[in-house]
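To be precise, the following lines are upload_29.csv, and they hold CSV, C-alpha atoms.
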```
chain,number,residue,atom,x,y,z
Y,1,MET,CA,33.1,-5.4,-2.2
Y,2,THR,CA,35.7,-7.5,-0.4
Y,3,LYS,CA,37.3,-4.6,1.6
Y,4,SER,CA,38.3,-5.7,5.0
Y,5,VAL,CA,36.6,-4.1,8.0
Y,6,MET,CA,37.1,-4.3,11.8
Y,7,LYS,CA,34.8,-6.4,14.0
Y,8,LYS,CA,31.4,-4.7,13.6
Y,9,LEU,CA,28.9,-7.3,14.9
Y,10,PRO,CA,28.2,-8.0,18.6
Y,11,GLU,CA,29.1,-10.9,20.8
Y,12,VAL,CA,26.1,-13.3,21.2
Y,13,THR,CA,25.3,-13.2,24.9
Y,14,LEU,CA,22.1,-13.2,27.0
Y,15,ALA,CA,21.9,-9.4,26.6
Y,16,PHE,CA,22.0,-9.9,22.8
Y,17,TRP,CA,18.9,-12.1,22.9
Y,18,ILE,CA,17.1,-9.7,25.2
Y,19,MET,CA,17.7,-6.8,22.9
Y,20,LYS,CA,16.8,-8.9,19.9
Y,21,ILE,CA,13.4,-9.8,21.4
Y,22,ALA,CA,12.8,-6.2,22.4
Y,23,ALA,CA,13.7,-4.9,18.9
Y,24,THR,CA,11.5,-7.5,17.2
Y,25,THR,CA,8.5,-6.8,19.5
Y,26,LEU,CA,8.9,-3.0,18.8
Y,27,GLY,CA,9.2,-3.8,15.1
Y,28,GLU,CA,5.8,-5.5,15.3
Y,29,THR,CA,4.0,-2.7,17.2
Y,30,ALA,CA,5.7,0.1,15.2
Y,31,GLY,CA,4.9,-1.6,11.8
Y,32,ASP,CA,1.3,-2.0,12.8
Y,33,LEU,CA,1.2,1.6,14.1
Y,34,PHE,CA,2.2,3.0,10.7
Y,35,ALA,CA,0.3,0.6,8.5
Y,36,GLN,CA,-2.9,0.1,10.5
Y,37,THR,CA,-3.4,2.7,13.3
Y,38,LEU,CA,-2.2,5.6,11.1
Y,39,LYS,CA,-3.9,3.9,8.1
Y,40,LEU,CA,-1.0,4.3,5.7
Y,41,GLY,CA,-1.5,0.8,4.5
Y,42,TYR,CA,0.9,-2.1,4.0
Y,43,PHE,CA,2.1,-1.0,0.5
Y,44,VAL,CA,3.1,2.6,1.4
Y,45,THR,CA,4.5,1.6,4.8
Y,46,THR,CA,6.6,-1.2,3.3
Y,47,ILE,CA,8.2,1.1,0.8
Y,48,ALA,CA,8.9,3.7,3.4
Y,49,LEU,CA,10.3,1.3,6.0
Y,50,PHE,CA,12.4,-0.5,3.3
Y,51,LEU,CA,14.0,2.9,2.5
Y,52,LEU,CA,14.6,3.4,6.2
Y,53,PHE,CA,16.3,0.0,6.3
Y,54,VAL,CA,18.5,1.0,3.4
Y,55,VAL,CA,19.6,4.2,5.2
Y,56,THR,CA,20.3,2.5,8.5
Y,57,LEU,CA,22.2,-0.3,6.6
Y,58,VAL,CA,24.4,2.2,4.8
Y,59,VAL,CA,25.3,3.8,8.1
Y,60,GLN,CA,26.1,0.4,9.6
Y,61,LEU,CA,28.2,-0.7,6.6
Y,62,ARG,CA,30.2,2.6,6.5
Y,63,SER,CA,31.0,2.3,10.2
Y,64,ARG,CA,34.5,1.1,10.9
Y,65,ARG,CA,33.8,-0.7,14.1
Y,66,TYR,CA,30.9,-2.2,16.1
Y,67,ASN,CA,28.5,0.5,17.3
Y,68,PRO,CA,25.4,-0.8,19.3
Y,69,PHE,CA,23.2,2.1,18.2
Y,70,PHE,CA,24.0,1.5,14.5
Y,71,TYR,CA,23.7,-2.3,14.7
Y,72,TRP,CA,20.4,-2.4,16.7
Y,73,THR,CA,18.9,0.4,14.6
Y,74,VAL,CA,19.3,-1.9,11.5
Y,75,ILE,CA,17.8,-4.8,13.5
Y,76,LEU,CA,14.8,-2.6,14.4
Y,77,SER,CA,14.4,-1.4,10.8
Y,78,THR,CA,14.5,-4.9,9.4
Y,79,SER,CA,11.8,-5.9,12.0
Y,80,MET,CA,9.5,-3.0,11.1
Y,81,ALA,CA,10.0,-3.6,7.3
Y,82,GLY,CA,9.6,-7.3,7.8
Y,83,THR,CA,6.3,-6.8,9.6
Y,84,THR,CA,4.7,-4.8,6.9
Y,85,THR,CA,6.2,-6.8,4.1
Y,86,SER,CA,4.9,-10.0,5.6
Y,87,ASP,CA,1.4,-8.4,6.0
Y,88,PHE,CA,1.4,-7.1,2.4
Y,89,MET,CA,2.4,-10.6,1.1
Y,90,ASN,CA,-0.1,-12.6,3.2
Y,91,ARG,CA,-3.1,-10.4,3.8
Y,92,ASP,CA,-5.8,-8.7,1.6
Y,93,ALA,CA,-8.6,-6.2,2.0
Y,94,SER,CA,-11.1,-8.7,3.5
Y,95,ALA,CA,-12.9,-8.0,6.8
Y,96,LYS,CA,-10.7,-10.7,8.3
Y,97,TYR,CA,-7.7,-8.4,8.3
Y,98,LEU,CA,-9.3,-5.0,8.5
Y,99,SER,CA,-10.8,-3.9,11.8
Y,100,GLY,CA,-13.2,-1.2,12.8
Y,101,GLY,CA,-15.4,-1.6,9.8
Y,102,ALA,CA,-12.7,-0.3,7.4
Y,103,LYS,CA,-12.9,-1.3,3.8
Y,104,SER,CA,-9.5,-0.2,2.7
Y,105,LEU,CA,-6.1,0.6,4.3
Y,106,GLY,CA,-4.0,3.4,2.8
Y,107,TRP,CA,-3.1,4.1,-0.8
Y,108,GLY,CA,-2.2,1.4,-3.3
Y,109,PRO,CA,-2.7,-2.4,-3.2
Y,110,GLN,CA,-4.2,-3.6,0.0
Y,111,GLY,CA,-2.2,-6.9,-0.1
Y,112,LEU,CA,-1.4,-9.9,-2.2
Y,113,GLY,CA,-3.5,-12.3,-0.1
Y,114,LEU,CA,-1.1,-15.2,-0.5
Y,115,GLY,CA,-1.8,-16.5,3.0
Y,116,TYR,CA,0.6,-17.4,5.7
Y,117,PRO,CA,1.7,-20.9,4.5
Y,118,GLU,CA,2.4,-19.7,0.9
Y,119,GLY,CA,4.1,-16.6,2.1
Y,120,ALA,CA,6.3,-18.5,4.5
Y,121,ALA,CA,7.2,-21.0,1.8
Y,122,ILE,CA,8.4,-18.2,-0.5
Y,123,LEU,CA,10.4,-16.6,2.3
Y,124,ILE,CA,12.0,-19.9,3.4
Y,125,SER,CA,13.0,-20.5,-0.3
Y,126,ILE,CA,14.6,-17.0,-0.4
Y,127,LEU,CA,16.4,-17.5,2.9
Y,128,LEU,CA,17.8,-20.9,1.8
Y,129,ALA,CA,19.0,-19.3,-1.4
Y,130,ILE,CA,20.9,-16.6,0.6
Y,131,PHE,CA,22.4,-19.3,2.8
Y,132,LEU,CA,23.4,-21.3,-0.2
Y,133,ALA,CA,25.1,-18.3,-1.8
Y,134,TRP,CA,26.8,-17.6,1.6
Y,135,ARG,CA,28.0,-21.2,1.7
Y,136,LEU,CA,29.4,-21.1,-1.8
Y,137,SER,CA,31.2,-17.9,-1.1
Y,138,GLY,CA,33.3,-19.8,1.4
Y,139,MET,CA,32.8,-17.1,4.1
Y,140,THR,CA,32.1,-18.0,7.7
Y,141,PHE,CA,28.6,-18.2,9.3
Y,142,GLN,CA,30.0,-17.3,12.7
Y,143,ILE,CA,28.7,-13.9,13.5
Y,144,ARG,CA,31.8,-12.9,15.6
Y,145,ASP,CA,34.1,-13.7,12.7
Y,146,ILE,CA,32.4,-11.7,9.9
Y,147,VAL,CA,34.9,-9.1,9.0
Y,148,THR,CA,34.3,-8.3,5.3
Y,149,PHE,CA,31.9,-6.0,3.5
Y,150,ARG,CA,30.5,-8.9,1.5
Y,151,GLY,CA,30.1,-11.1,4.5
Y,152,GLU,CA,28.2,-8.4,6.3
Y,153,ALA,CA,26.0,-7.8,3.3
Y,154,LEU,CA,25.0,-11.5,3.2
Y,155,PHE,CA,24.4,-11.4,7.0
Y,156,TRP,CA,22.0,-8.4,6.7
Y,157,SER,CA,20.2,-10.0,3.7
Y,158,ALA,CA,19.6,-13.1,5.8
Y,159,ILE,CA,18.4,-10.9,8.8
Y,160,LEU,CA,15.9,-9.0,6.6
Y,161,VAL,CA,14.4,-12.2,5.2
Y,162,SER,CA,14.4,-14.0,8.5
Y,163,ASN,CA,12.6,-11.2,10.3
Y,164,THR,CA,10.0,-11.2,7.5
Y,165,LEU,CA,9.6,-14.9,7.7
Y,166,GLY,CA,9.4,-14.7,11.5
Y,167,THR,CA,6.5,-12.3,11.2
Y,168,SER,CA,4.6,-14.7,9.0
Y,169,MET,CA,5.2,-17.5,11.5
Y,170,GLY,CA,4.1,-15.3,14.4
Y,171,ASP,CA,0.9,-14.2,12.6
Y,172,PHE,CA,0.1,-17.7,11.7
Y,173,LEU,CA,0.4,-18.8,15.3
Y,174,SER,CA,-1.6,-15.9,16.6
Y,175,ASP,CA,-4.4,-15.8,13.9
Y,176,SER,CA,-4.7,-19.2,12.3
Y,177,SER,CA,-3.4,-21.9,14.6
Y,178,GLY,CA,-6.0,-21.4,17.4
Y,179,LEU,CA,-3.3,-20.8,20.0
Y,180,GLY,CA,-3.9,-17.1,20.3
Y,181,TYR,CA,-1.3,-14.5,21.1
Y,182,LEU,CA,-0.3,-15.8,24.5
Y,183,GLY,CA,-0.4,-19.4,23.4
Y,184,GLY,CA,1.8,-18.7,20.4
Y,185,ALA,CA,4.3,-16.8,22.5
Y,186,LEU,CA,4.5,-19.7,25.0
Y,187,LEU,CA,5.0,-22.2,22.2
Y,188,VAL,CA,7.9,-20.2,20.7
Y,189,THR,CA,9.4,-19.8,24.2
Y,190,GLY,CA,9.3,-23.5,24.6
Y,191,LEU,CA,11.1,-24.1,21.3
Y,192,LEU,CA,13.8,-21.6,22.3
Y,193,ALA,CA,14.2,-23.5,25.6
Y,194,VAL,CA,14.8,-26.7,23.6
Y,195,LEU,CA,17.5,-24.9,21.5
Y,196,VAL,CA,19.2,-23.7,24.7
Y,197,ALA,CA,19.3,-27.3,25.9
Y,198,LEU,CA,20.7,-28.5,22.6
Y,199,MET,CA,23.6,-26.1,23.0
Y,200,LYS,CA,24.9,-28.6,25.6
Y,201,VAL,CA,24.9,-31.4,23.0
Y,202,PRO,CA,28.3,-31.7,21.4
Y,203,ALA,CA,26.9,-33.0,18.1
Y,204,ALA,CA,24.6,-29.9,17.7
Y,205,SER,CA,25.9,-27.1,15.5
Y,206,ASN,CA,25.9,-23.8,17.4
Y,207,VAL,CA,25.8,-21.9,14.2
Y,208,LEU,CA,22.7,-23.7,13.1
Y,209,LEU,CA,21.1,-23.3,16.5
Y,210,PHE,CA,21.9,-19.5,16.4
Y,211,TRP,CA,20.1,-19.0,13.1
Y,212,ILE,CA,17.1,-21.1,14.1
Y,213,ALA,CA,16.9,-19.1,17.3
Y,214,PHE,CA,17.3,-15.8,15.4
Y,215,VAL,CA,14.3,-16.8,13.2
Y,216,LEU,CA,12.2,-17.9,16.2
Y,217,THR,CA,12.7,-14.8,18.2
Y,218,ARG,CA,10.9,-12.9,15.5
Y,219,PRO,CA,7.6,-14.8,15.9
Y,220,LEU,CA,8.1,-14.4,19.6
Y,221,GLY,CA,8.3,-10.6,19.1
Y,222,ALA,CA,5.3,-10.7,16.7
Y,223,THR,CA,3.1,-12.6,19.1
Y,224,ALA,CA,4.2,-10.6,22.1
Y,225,GLY,CA,3.5,-7.4,20.1
Y,226,ASP,CA,0.1,-8.5,19.1
Y,227,PHE,CA,-0.6,-9.6,22.7
Y,228,LEU,CA,0.2,-6.1,23.9
Y,229,THR,CA,-1.8,-4.2,21.2
Y,230,LYS,CA,-4.8,-6.2,20.1
Y,231,PRO,CA,-8.3,-5.8,21.6
Y,232,LEU,CA,-9.4,-7.7,24.6
Y,233,ALA,CA,-12.0,-9.5,22.5
Y,234,LYS,CA,-9.2,-11.0,20.4
Y,235,GLY,CA,-7.1,-12.1,23.4
Y,236,GLY,CA,-4.8,-9.0,23.6
Y,237,LEU,CA,-4.2,-6.4,26.3
Y,238,ASP,CA,-5.5,-3.5,24.1
Y,239,LEU,CA,-2.6,-1.2,25.1
Y,240,GLY,CA,-2.5,0.3,21.6
Y,241,THR,CA,0.3,0.4,19.1
Y,242,ALA,CA,1.4,4.0,20.0
Y,243,GLY,CA,1.7,3.4,23.7
Y,244,SER,CA,3.3,0.0,23.4
Y,245,SER,CA,5.8,1.3,20.8
Y,246,ALA,CA,6.8,4.3,22.9
Y,247,VAL,CA,7.5,2.1,26.0
Y,248,LEU,CA,9.4,-0.5,23.9
Y,249,LEU,CA,11.4,2.3,22.2
Y,250,VAL,CA,12.5,3.6,25.6
Y,251,VAL,CA,13.4,0.1,26.8
Y,252,LEU,CA,15.4,-0.6,23.6
Y,253,PHE,CA,17.3,2.7,23.7
Y,254,GLY,CA,18.1,2.1,27.3
Y,255,LEU,CA,19.5,-1.3,26.4
Y,256,MET,CA,21.5,0.3,23.5
Y,257,ALA,CA,23.0,2.8,25.9
Y,258,TYR,CA,24.0,0.1,28.3
Y,259,ALA,CA,25.6,-2.0,25.5
Y,260,HIS,CA,27.4,1.2,24.3
Y,261,VAL,CA,28.9,1.8,27.8
Y,262,GLN,CA,29.9,-1.9,28.0
Y,263,GLU,CA,31.6,-1.8,24.6
Y,264,ARG,CA,33.6,1.4,25.6
Y,265,ARG,CA,34.7,-0.3,28.7
Y,266,ARG,CA,35.9,-3.3,26.8
Y,267,ALA,CA,37.8,-1.0,24.4
Y,268,GLU,CA,39.6,0.8,27.2
Y,269,PRO,CA,43.1,-0.5,27.9
Y,270,GLY,CA,43.6,-2.2,31.2
Y,271,PRO,CA,45.9,-0.9,34.0
Y,272,GLU,CA,48.9,-2.9,32.7
Y,273,ALA,CA,48.5,-1.7,29.1
Y,274,GLU,CA,48.1,1.9,30.3
Y,275,ALA,CA,51.3,1.6,32.4
Y,276,VAL,CA,53.2,0.3,29.4
Y,277,ARG,CA,51.9,3.1,27.3
Y,278,GLN,CA,53.0,5.7,29.8
Y,279,GLU,CA,56.4,4.2,30.2
Y,280,ALA,CA,56.9,4.2,26.4
Y,281,GLY,CA,55.9,7.9,26.4
Y,282,ARG,CA,58.6,8.8,29.0
Y,283,ARG,CA,61.2,7.0,26.9
```

Render the structure in this file as structure tokens.
Amino acid sequence: MTKSVMKKLPEVTLAFWIMKIAATTLGETAGDLFAQTLKLGYFVTTIALFLLFVVTLVVQLRSRRYNPFFYWTVILSTSMAGTTTSDFMNRDASAKYLSGGAKSLGWGPQGLGLGYPEGAAILISILLAIFLAWRLSGMTFQIRDIVTFRGEALFWSAILVSNTLGTSMGDFLSDSSGLGYLGGALLVTGLLAVLVALMKVPAASNVLLFWIAFVLTRPLGATAGDFLTKPLAKGGLDLGTAGSSAVLLVVLFGLMAYAHVQERRRAEPGPEAEAVRQEAGRR
């Protein structure tokens, strides 16, 4: 469990945050596509997407170096699983959550009906427990310095819970706060702008700001996804979960391909290193 591994997590750049928002928005639309549009229900979809998360996580953990396709596929699977897990925790089979006159949604329990505040409180408690265990382990919170199997396992545990928490926050802003989808997205964008400004403050912890931003980009994706897919009568654009998911998937895979090319360029030796290698070969 403490086997050393090569650097397997990306640098935190502007491109990182663009891909994070794209992945979380796709996670919202794709999760709703399976659970609501295809009427598989929150219970069945959550189990299926959690199994998908496990598969993608195993691939990522077994990889010996950073691979953008592996990394962002896990981010996407945590976003999709987080969407349906949050919905299952917070919603129920009442007309408030079921559209089109439906009385049930898929096989199994329709939802626990905890409500967004209660669900968020549970998820915050779990996330704090993960961070406490992480702190007690003595391992770094700096994403670029995580180089052990156990550190990466803690990182992905925090990612899964934070994406689920972010979904609850996004749904609360969209459904219960009165802000609507666009208003919720604008509020989260404003909070992210504040975090960017705080990066210039010497006393502010960049690690803390990173994790706050990581959680907040999930409700941004949730509200943006709802804005794209929900009916016009509810304040959305009514583009549908299937069409929105397809477009977002193309965008995300395009960004993955770009990140992969950039990573390969960084891994290639420069002209001076290549000249030294050739000279050593002639000797």

Which residues are close to region 104-111 of chain Y, i.e. within 9 Å by only C-alpha atoms, leaving aside same-chain residues fewer than 5 positions away? Reply as number ranges by chain. Y: 35-36, 38-45, 87-94, 98

Please build the interface table for region 6-95 of chain Y against region 247-258 of chain Y with a cut-off of 12 Å, listing for each qualifying residue the nearest atom pair and the distance in Å to one decimal; count all atoms listed in the file, order rows by chain and increasing number, and write it as a tab-separated table.
```
residue	atom	partner	partner_atom	distance
Y:Pro10	CA	Y:Met256	CA	11.7
Y:Ala15	CA	Y:Leu255	CA	8.5
Y:Phe16	CA	Y:Leu255	CA	9.7
Y:Trp17	CA	Y:Leu255	CA	11.4
Y:Ile18	CA	Y:Leu255	CA	8.8
Y:Met19	CA	Y:Leu252	CA	6.6
Y:Lys20	CA	Y:Leu252	CA	9.2
Y:Ile21	CA	Y:Leu252	CA	9.7
Y:Ala22	CA	Y:Leu252	CA	6.3
Y:Ala23	CA	Y:Leu252	CA	6.6
Y:Thr24	CA	Y:Leu248	CA	9.9
Y:Thr25	CA	Y:Leu248	CA	7.7
Y:Leu26	CA	Y:Leu248	CA	5.7
Y:Gly27	CA	Y:Leu248	CA	9.4
Y:Glu28	CA	Y:Leu248	CA	10.6
Y:Thr29	CA	Y:Leu248	CA	8.9
Y:Ala30	CA	Y:Leu249	CA	9.3
Y:Asn67	CA	Y:Met256	CA	9.4
Y:Pro68	CA	Y:Met256	CA	5.8
Y:Phe69	CA	Y:Met256	CA	5.8
Y:Phe70	CA	Y:Met256	CA	9.4
Y:Tyr71	CA	Y:Met256	CA	9.4
Y:Trp72	CA	Y:Met256	CA	7.4
Y:Thr73	CA	Y:Met256	CA	9.3
Y:Ile75	CA	Y:Leu252	CA	11.2
Y:Leu76	CA	Y:Leu252	CA	9.4
```

Between CA of Ser205 (chain Y) and CA of Gly151 (chain Y) lies a distance of 19.9 Å

Polymer residues at most 9 Å from Ala153 (chain Y), all atoms listed in the file, same-chain spacing of 5 or more positions, as a ChimeraX atom specification: /Y:61,148,158

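Distances to Leu232 (chain Y) were evaluated for Y:Ile126, Y:Ile212, Y:Tyr181, Y:Arg266 using all atoms listed in the file, and the minimum falls at Y:Tyr181.
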
Which neighbours of Leu198 (chain Y) fall inside 12 Å, counting all atoms listed in the file, when residues of the same chain fewer than 3 positions from it are skipped, and could you give them as a ChimeraX atom specification? /Y:191-195,201-210,212-213

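Taking CA of Asn163 (chain Y) and CA of Thr217 (chain Y) as the two end points, the separation is 8.7 Å.
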
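For the pair CA of Val55 (chain Y) and CA of Leu114 (chain Y), the interatomic distance is 28.9 Å.
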